[in-house]
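Reading through the structure tokens given below for one structure.
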Amino acid sequence: MMKKTLFAALALAAASPALAQSEQTAQNGGITEKVEYTDDKYKVETNHFWDNWFLTVGAGPQVMFGDHDKQIGFGKRISPALDIAVGKWFTPGIGVRLMYNGLSLKGATRWGAAHSTGEQVPGWGSGMDYSKFKYYNLRADVLFNLSNLFCGYRENRIWNSSFYAGVGYMRTWEAPTAGDITMSAGWLNSFRLCDALDANIDLRASMVDDAIDGEIGGSKFDGLLSATVGLTYKFKRRGWDRSKTVTRYDQTEANAMRDRLNEMNQEVARLKEALAAAEGQQKQEVINKVIAANLIVFPIGKTTLSKEARANLQLLAEAIKAGGSNTVYTITGYADKGTGSQKTNERLSKERAEAVCDCLVNEFGVSKSQLKVEYKGGVDNMFYDNPRLSRVVITRSK
């Protein structure tokens, strides 16, 4: 039991950073905007089409595997390779690139039939010559950033490891020319130099039809291995923003309601002084008429009370407690019929009414025996043809 408890505590501690949120609030006139940022490293804002494009240039050695690998040593088959690519990351973990790679390949050929240099391969007589030919390979790759996929996105990560696979077309420049489809896979390692620049090590294997070198042997395919080192420039806009939720509140109507409530409370105080000598029941009836109704507005889909709503309820609670203890007030919850299902609106209207009742009782000391809770579910626009003014709770005396 002790081990299970310790494991649960460690799991909760590890998960808590991903669940944390930060919040910013800005005021512009009557509009309040609240922005909540999630710290979940696996959630980012969707980027735009022109975001996170990059250009890569690299060079290094490459080796061809063909029909005469036994006749010519590995070192004699090494030739230079050039990589030029442009691409885009759609998410921190998935991207694409279009790449040119090429220059020349080295190998051997029988009887000088294809791309012979005229130089014989030592030890194999006059029937085997060295070969060399120029080529290009145009290829489209899909890239998977394993660092971001498995460890979450981090803007300043020094090393990113990516696997990629692609399909392209390879063709020789020199007669006898040949061309065919290529398939490639590789491992791309990127090292952050600054915000705009990465250094890269690209290890790649490619496979192409056996006839690409102008000679058909015993196998169906020839192969290429390359290792290039290069630089990647990341165009602006680069990187991703944290996922966020933006909530906007229009305080204009709420401020107007609060001012009206303040006027009503002032009127209550004036009437209390004027009717101090009257009978208690008559005084209660007058006060009940003055504080007959109160309206609290909720954001769409929400049942929690804002600070402005709590301030209004505090003033209402003072008025209720100043009146007669026998007066019962009905708290009625509503939801906007134009949004949400009937079941959802029933729940929202009920929870809103209960939230107002709980606030009056638990925070401001109103007797629960003076409160009655009702809810009406989704309703059509009740005030000024404004659906926002249907997401409310209204408090009235009987």
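Convention: chains lettered A, B, ... in structure tokens order; per-chain residue numbering from 1; ligands numbered from 1 as shown.
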
Counting only C-alpha atoms, which residues of range 205-235 of chain A sit at most 7 Å from some atom of range 55-67 of chain A, and what is each one's closest atom pair with its distance in Å to one decimal, listed by chain and rising residue number, as CSV?
residue,atom,partner,partner_atom,distance
A:Gly217,CA,A:Asp67,CA,5.5
A:Asp222,CA,A:Gly66,CA,5.0
A:Gly223,CA,A:Phe65,CA,4.9
A:Leu224,CA,A:Met64,CA,4.6
A:Leu225,CA,A:Val63,CA,5.3
A:Ser226,CA,A:Gln62,CA,4.1
A:Ala227,CA,A:Gly60,CA,5.7
A:Thr228,CA,A:Gly60,CA,4.1
A:Val229,CA,A:Gly58,CA,5.2
A:Gly230,CA,A:Gly58,CA,3.7
A:Leu231,CA,A:Val57,CA,5.7
A:Thr232,CA,A:Thr56,CA,4.3
A:Tyr233,CA,A:Leu55,CA,5.3
A:Lys234,CA,A:Leu55,CA,6.6

| task | Per DSSP on the backbone, filter range 101-325 of chain A down to the residues in strand (DSSP E) and report them as JSON, numbers by chain. | result | {"A": [101, 102, 103, 104, 105, 106, 107, 108, 109, 110, 116, 117, 118, 119, 120, 128, 129, 130, 131, 132, 133, 134, 135, 136, 137, 138, 139, 140, 141, 142, 143, 144, 145, 159, 160, 161, 162, 163, 164, 165, 166, 167, 168, 169, 170, 171, 172, 179, 180, 181, 182, 183, 184, 185, 186, 187, 188, 189, 190, 191, 192, 197, 198, 199, 200, 201, 202, 203, 204, 205, 206, 207, 208, 209, 221, 222, 223, 224, 225, 226, 227, 228, 229, 230, 231, 232, 233, 234, 244, 245, 246, 247, 248, 249, 250, 293, 294, 295, 296, 297]}

His115 in chain A environment, 12 Å, only C-alpha atoms, sequence neighbours closer than 2 positions dropped, as a PDB file with N, CA and C atoms, in the first residue's frame:
ATOM      1  N   SER A 104      27.642  13.436 -58.573  1.00  0.00           N
ATOM      2  CA  SER A 104      28.129  12.311 -59.374  1.00  0.00           C
ATOM      3  C   SER A 104      28.253  11.059 -58.522  1.00  0.00           C
ATOM      4  N   LEU A 105      28.260   9.898 -59.231  1.00  0.00           N
ATOM      5  CA  LEU A 105      28.412   8.603 -58.573  1.00  0.00           C
ATOM      6  C   LEU A 105      29.548   7.843 -59.237  1.00  0.00           C
ATOM      7  N   LYS A 106      30.213   6.987 -58.449  1.00  0.00           N
ATOM      8  CA  LYS A 106      31.337   6.199 -58.941  1.00  0.00           C
ATOM      9  C   LYS A 106      31.053   4.723 -58.758  1.00  0.00           C
ATOM     10  N   GLY A 107      31.605   3.918 -59.702  1.00  0.00           N
ATOM     11  CA  GLY A 107      31.460   2.475 -59.610  1.00  0.00           C
ATOM     12  C   GLY A 107      32.357   1.793 -60.616  1.00  0.00           C
ATOM     13  N   ALA A 108      31.862   0.690 -61.178  1.00  0.00           N
ATOM     14  CA  ALA A 108      32.615  -0.049 -62.191  1.00  0.00           C
ATOM     15  C   ALA A 108      31.650  -0.558 -63.248  1.00  0.00           C
ATOM     16  N   THR A 109      32.167  -0.812 -64.455  1.00  0.00           N
ATOM     17  CA  THR A 109      31.348  -1.315 -65.562  1.00  0.00           C
ATOM     18  C   THR A 109      32.135  -2.339 -66.369  1.00  0.00           C
ATOM     19  N   ARG A 110      31.426  -3.283 -66.962  1.00  0.00           N
ATOM     20  CA  ARG A 110      32.075  -4.311 -67.763  1.00  0.00           C
ATOM     21  C   ARG A 110      32.224  -3.848 -69.207  1.00  0.00           C
ATOM     22  N   TRP A 111      33.412  -4.108 -69.770  1.00  0.00           N
ATOM     23  CA  TRP A 111      33.693  -3.859 -71.184  1.00  0.00           C
ATOM     24  C   TRP A 111      33.437  -2.404 -71.583  1.00  0.00           C
ATOM     25  N   GLY A 112      33.518  -1.504 -70.599  1.00  0.00           N
ATOM     26  CA  GLY A 112      33.356  -0.081 -70.890  1.00  0.00           C
ATOM     27  C   GLY A 112      31.988   0.271 -71.441  1.00  0.00           C
ATOM     28  N   ALA A 113      30.968  -0.550 -71.085  1.00  0.00           N
ATOM     29  CA  ALA A 113      29.651  -0.373 -71.711  1.00  0.00           C
ATOM     30  C   ALA A 113      28.927   0.874 -71.230  1.00  0.00           C
ATOM     31  N   THR A 117      35.278   5.408 -67.441  1.00  0.00           N
ATOM     32  CA  THR A 117      36.274   6.474 -67.417  1.00  0.00           C
ATOM     33  C   THR A 117      37.478   6.122 -68.320  1.00  0.00           C
ATOM     34  N   GLY A 118      37.509   4.898 -68.831  1.00  0.00           N
ATOM     35  CA  GLY A 118      38.646   4.433 -69.631  1.00  0.00           C
ATOM     36  C   GLY A 118      39.771   3.850 -68.814  1.00  0.00           C
ATOM     37  N   GLU A 119      39.658   3.875 -67.516  1.00  0.00           N
ATOM     38  CA  GLU A 119      40.705   3.349 -66.631  1.00  0.00           C
ATOM     39  C   GLU A 119      40.277   1.975 -66.142  1.00  0.00           C
ATOM     40  N   MET A 128      37.041  -4.838 -67.187  1.00  0.00           N
ATOM     41  CA  MET A 128      36.417  -4.105 -66.079  1.00  0.00           C
ATOM     42  C   MET A 128      37.050  -2.720 -65.973  1.00  0.00           C
ATOM     43  N   ASP A 129      36.230  -1.679 -66.155  1.00  0.00           N
ATOM     44  CA  ASP A 129      36.680  -0.288 -66.054  1.00  0.00           C
ATOM     45  C   ASP A 129      35.979   0.429 -64.911  1.00  0.00           C
ATOM     46  N   TYR A 130      36.683   1.454 -64.416  1.00  0.00           N
ATOM     47  CA  TYR A 130      36.001   2.351 -63.494  1.00  0.00           C
ATOM     48  C   TYR A 130      34.913   3.117 -64.253  1.00  0.00           C
ATOM     49  N   SER A 131      33.822   3.481 -63.518  1.00  0.00           N
ATOM     50  CA  SER A 131      32.752   4.281 -64.135  1.00  0.00           C
ATOM     51  C   SER A 131      32.442   5.488 -63.247  1.00  0.00           C
ATOM     52  N   LYS A 132      31.948   6.520 -63.908  1.00  0.00           N
ATOM     53  CA  LYS A 132      31.544   7.728 -63.188  1.00  0.00           C
ATOM     54  C   LYS A 132      30.489   8.436 -64.023  1.00  0.00           C
ATOM     55  N   PHE A 133      29.425   8.884 -63.384  1.00  0.00           N
ATOM     56  CA  PHE A 133      28.380   9.594 -64.125  1.00  0.00           C
ATOM     57  C   PHE A 133      27.682  10.604 -63.210  1.00  0.00           C
ATOM     58  N   LYS A 134      27.190  11.675 -63.818  1.00  0.00           N
ATOM     59  CA  LYS A 134      26.457  12.708 -63.099  1.00  0.00           C
ATOM     60  C   LYS A 134      24.969  12.325 -63.007  1.00  0.00           C
ATOM     61  N   TYR A 135      24.334  12.755 -61.925  1.00  0.00           N
ATOM     62  CA  TYR A 135      22.928  12.412 -61.734  1.00  0.00           C
ATOM     63  C   TYR A 135      22.254  13.484 -60.886  1.00  0.00           C
ATOM     64  N   THR A 172      20.104  10.054 -64.648  1.00  0.00           N
ATOM     65  CA  THR A 172      21.488  10.343 -64.996  1.00  0.00           C
ATOM     66  C   THR A 172      21.529  11.438 -66.047  1.00  0.00           C
ATOM     67  N   TRP A 173      22.556  12.291 -65.966  1.00  0.00           N
ATOM     68  CA  TRP A 173      22.724  13.390 -66.914  1.00  0.00           C
ATOM     69  C   TRP A 173      23.389  12.946 -68.214  1.00  0.00           C
ATOM     70  N   GLU A 174      24.193  11.883 -68.163  1.00  0.00           N
ATOM     71  CA  GLU A 174      25.064  11.513 -69.272  1.00  0.00           C
ATOM     72  C   GLU A 174      24.588  10.224 -69.929  1.00  0.00           C
ATOM     73  N   ALA A 175      24.826  10.098 -71.233  1.00  0.00           N
ATOM     74  CA  ALA A 175      24.448   8.896 -71.973  1.00  0.00           C
ATOM     75  C   ALA A 175      25.325   7.719 -71.525  1.00  0.00           C
ATOM     76  N   PRO A 176      24.751   6.520 -71.398  1.00  0.00           N
ATOM     77  CA  PRO A 176      23.340   6.247 -71.649  1.00  0.00           C
ATOM     78  C   PRO A 176      22.474   6.716 -70.483  1.00  0.00           C
ATOM     79  N   THR A 177      21.539   7.636 -70.744  1.00  0.00           N
ATOM     80  CA  THR A 177      20.693   8.180 -69.689  1.00  0.00           C
ATOM     81  C   THR A 177      19.672   7.145 -69.235  1.00  0.00           C
ATOM     82  N   ALA A 178      19.272   7.275 -68.014  1.00  0.00           N
ATOM     83  CA  ALA A 178      18.236   6.399 -67.438  1.00  0.00           C
ATOM     84  C   ALA A 178      17.582   7.153 -66.292  1.00  0.00           C
ATOM     85  N   ILE A 212      19.901   2.102 -63.425  1.00  0.00           N
ATOM     86  CA  ILE A 212      20.226   3.516 -63.357  1.00  0.00           C
ATOM     87  C   ILE A 212      21.674   3.790 -63.768  1.00  0.00           C
ATOM     88  N   ASP A 213      22.573   2.837 -63.540  1.00  0.00           N
ATOM     89  CA  ASP A 213      23.989   3.040 -63.885  1.00  0.00           C
ATOM     90  C   ASP A 213      24.304   2.594 -65.308  1.00  0.00           C
ATOM     91  N   GLY A 214      23.266   2.248 -66.095  1.00  0.00           N
ATOM     92  CA  GLY A 214      23.465   1.849 -67.480  1.00  0.00           C
ATOM     93  C   GLY A 214      23.803   0.392 -67.671  1.00  0.00           C
ATOM     94  N   GLU A 215      23.761  -0.375 -66.583  1.00  0.00           N
ATOM     95  CA  GLU A 215      24.132  -1.791 -66.686  1.00  0.00           C
ATOM     96  C   GLU A 215      23.221  -2.597 -65.782  1.00  0.00           C
TER      97      GLU A 215
END

| Residues near Gly123 in chain A, cut-off 12 Å, only C-alpha atoms, skip fewer than 4 positions along chain, as a list of chain:residue names |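 Near Gly123 in chain A, the qualifying residues are A:Lys70, A:Gln71, A:Ile72, A:Gly73, A:Gly127, A:Met128, A:Asp129.
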
Store the residues picked out above, limited to N, CA and C atoms, as a short mmCIF file (atom, residue, chain, number, x, y, z; two decimals), in the first residue's frame.
data_model
loop_
_atom_site.label_atom_id
_atom_site.label_comp_id
_atom_site.auth_asym_id
_atom_site.auth_seq_id
_atom_site.Cartn_x
_atom_site.Cartn_y
_atom_site.Cartn_z
N LYS A 70 32.29 -5.98 -55.51
CA LYS A 70 33.43 -6.84 -55.16
C LYS A 70 34.68 -6.47 -55.96
N GLN A 71 34.48 -5.96 -57.15
CA GLN A 71 35.62 -5.66 -58.02
C GLN A 71 36.28 -4.32 -57.70
N ILE A 72 35.52 -3.40 -57.09
CA ILE A 72 36.07 -2.07 -56.79
C ILE A 72 35.86 -1.78 -55.31
N GLY A 73 36.89 -1.36 -54.62
CA GLY A 73 36.83 -1.17 -53.18
C GLY A 73 35.85 -0.07 -52.76
N GLY A 127 38.44 -6.33 -69.07
CA GLY A 127 36.97 -6.36 -69.12
C GLY A 127 36.28 -5.54 -68.06
N MET A 128 37.04 -4.84 -67.19
CA MET A 128 36.42 -4.10 -66.08
C MET A 128 37.05 -2.72 -65.97
N ASP A 129 36.23 -1.68 -66.15
CA ASP A 129 36.68 -0.29 -66.05
C ASP A 129 35.98 0.43 -64.91
#

| query | For the atom pair CA of Gly365 in chain A and CA of Leu348 in chain A, what is the interatomic distance in Å to one decimal place? | reply |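 One can read the CA of Gly365 in chain A to CA of Leu348 in chain A distance as 24.4 Å.
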
| field | Selection: 9 Å around Ala165 in chain A, only C-alpha atoms, excl. self and same-chain fewer than 3 positions, as a list in words | value |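 Near Ala165 in chain A, the qualifying residues are Ala140, Asp141, Val142, Leu143, Phe144, Met183, Ser184, Ala185 and Gly186 of chain A.
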
| remark: A straight line from CA of Lys307 in chain A to CA of Phe364 in chain A spans 13.9 Å

| message | Report, in Å with one decimal, the straight-line distance from CA of Arg396 in chain A to CA of Tyr329 in chain A. | response |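 Taking CA of Arg396 in chain A as the start and CA of Tyr329 in chain A as the end point, the length is 5.4 Å.
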
| task | Tell me, as a PyMOL selection string, which residues lie within 12 Å of Lys236 in chain A, counting only C-alpha atoms; anything in the same chain fewer than 6 positions away does not count. | result | chain A and resi 47-55+88+195-197

| field | Of the listed residues A:Ser349, A:Asn148, A:Thr46, A:Ser190, that which approaches Phe298 in chain A most closely, counting only C-alpha atoms | value |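 Among A:Ser349, A:Asn148, A:Thr46, A:Ser190, it is A:Ser349 that comes nearest to Phe298 in chain A.
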
| message | If we count only C-alpha atoms and set the cut-off at 12 Å, which residues sit around Arg347 in chain A, ignoring sequence neighbours fewer than 4 positions away in its own chain? Please answer as a VMD selection string. | response | chain A and resid 301 to 303 333 to 336 340 to 343 351 to 354 374 to 378

Would you mind exporting the chosen residues as a compact mmCIF listing (two decimals), in the first residue's frame, restricted to N, CA and C atoms?
# COMPACT_ATOMS: atom_id res chain seq x y z
N GLY A 301 -22.17 28.91 -21.74
CA GLY A 301 -21.68 27.62 -21.29
C GLY A 301 -21.11 27.60 -19.89
N LYS A 302 -21.20 28.72 -19.13
CA LYS A 302 -20.58 28.80 -17.80
C LYS A 302 -21.65 28.87 -16.71
N THR A 303 -21.29 28.39 -15.51
CA THR A 303 -22.18 28.45 -14.35
C THR A 303 -21.50 29.09 -13.15
N GLY A 333 -33.32 30.13 -12.87
CA GLY A 333 -32.21 30.05 -13.81
C GLY A 333 -32.68 29.85 -15.23
N TYR A 334 -31.96 30.46 -16.17
CA TYR A 334 -32.29 30.37 -17.60
C TYR A 334 -31.02 30.05 -18.40
N ALA A 335 -31.23 29.55 -19.62
CA ALA A 335 -30.14 29.34 -20.58
C ALA A 335 -30.59 29.82 -21.95
N ASP A 336 -29.60 30.09 -22.80
CA ASP A 336 -29.88 30.58 -24.15
C ASP A 336 -30.32 29.41 -25.03
N GLY A 340 -26.56 25.03 -27.53
CA GLY A 340 -26.60 23.89 -26.63
C GLY A 340 -27.86 23.05 -26.82
N SER A 341 -27.78 21.78 -26.37
CA SER A 341 -28.92 20.89 -26.46
C SER A 341 -29.89 21.17 -25.32
N GLN A 342 -31.08 20.57 -25.41
CA GLN A 342 -32.07 20.76 -24.36
C GLN A 342 -31.55 20.24 -23.02
N LYS A 343 -30.86 19.09 -23.05
CA LYS A 343 -30.33 18.52 -21.82
C LYS A 343 -29.27 19.44 -21.21
N GLU A 351 -27.83 24.72 -12.62
CA GLU A 351 -26.59 25.01 -11.90
C GLU A 351 -26.40 26.52 -11.69
N ARG A 352 -26.88 27.34 -12.61
CA ARG A 352 -26.77 28.79 -12.43
C ARG A 352 -27.63 29.26 -11.26
N ALA A 353 -28.88 28.75 -11.19
CA ALA A 353 -29.76 29.14 -10.09
C ALA A 353 -29.18 28.68 -8.76
N GLU A 354 -28.64 27.45 -8.74
CA GLU A 354 -28.06 26.94 -7.50
C GLU A 354 -26.82 27.74 -7.10
N GLU A 374 -35.71 27.67 -8.86
CA GLU A 374 -36.37 27.13 -10.04
C GLU A 374 -35.41 27.25 -11.24
N TYR A 375 -35.69 26.49 -12.29
CA TYR A 375 -34.92 26.64 -13.52
C TYR A 375 -35.80 26.31 -14.71
N LYS A 376 -35.57 27.04 -15.81
CA LYS A 376 -36.46 26.97 -16.98
C LYS A 376 -35.78 26.36 -18.21
N GLY A 377 -34.50 25.98 -18.13
CA GLY A 377 -33.83 25.42 -19.31
C GLY A 377 -33.55 26.50 -20.35
N GLY A 378 -33.54 26.10 -21.62
CA GLY A 378 -33.28 27.06 -22.70
C GLY A 378 -34.51 27.87 -23.06

| query | Which parts of range 300-394 of chain A does DSSP call alpha helix (DSSP H) when run on the backbone here, written out as a ChimeraX atom specification? | reply | /A:307-322,342-358
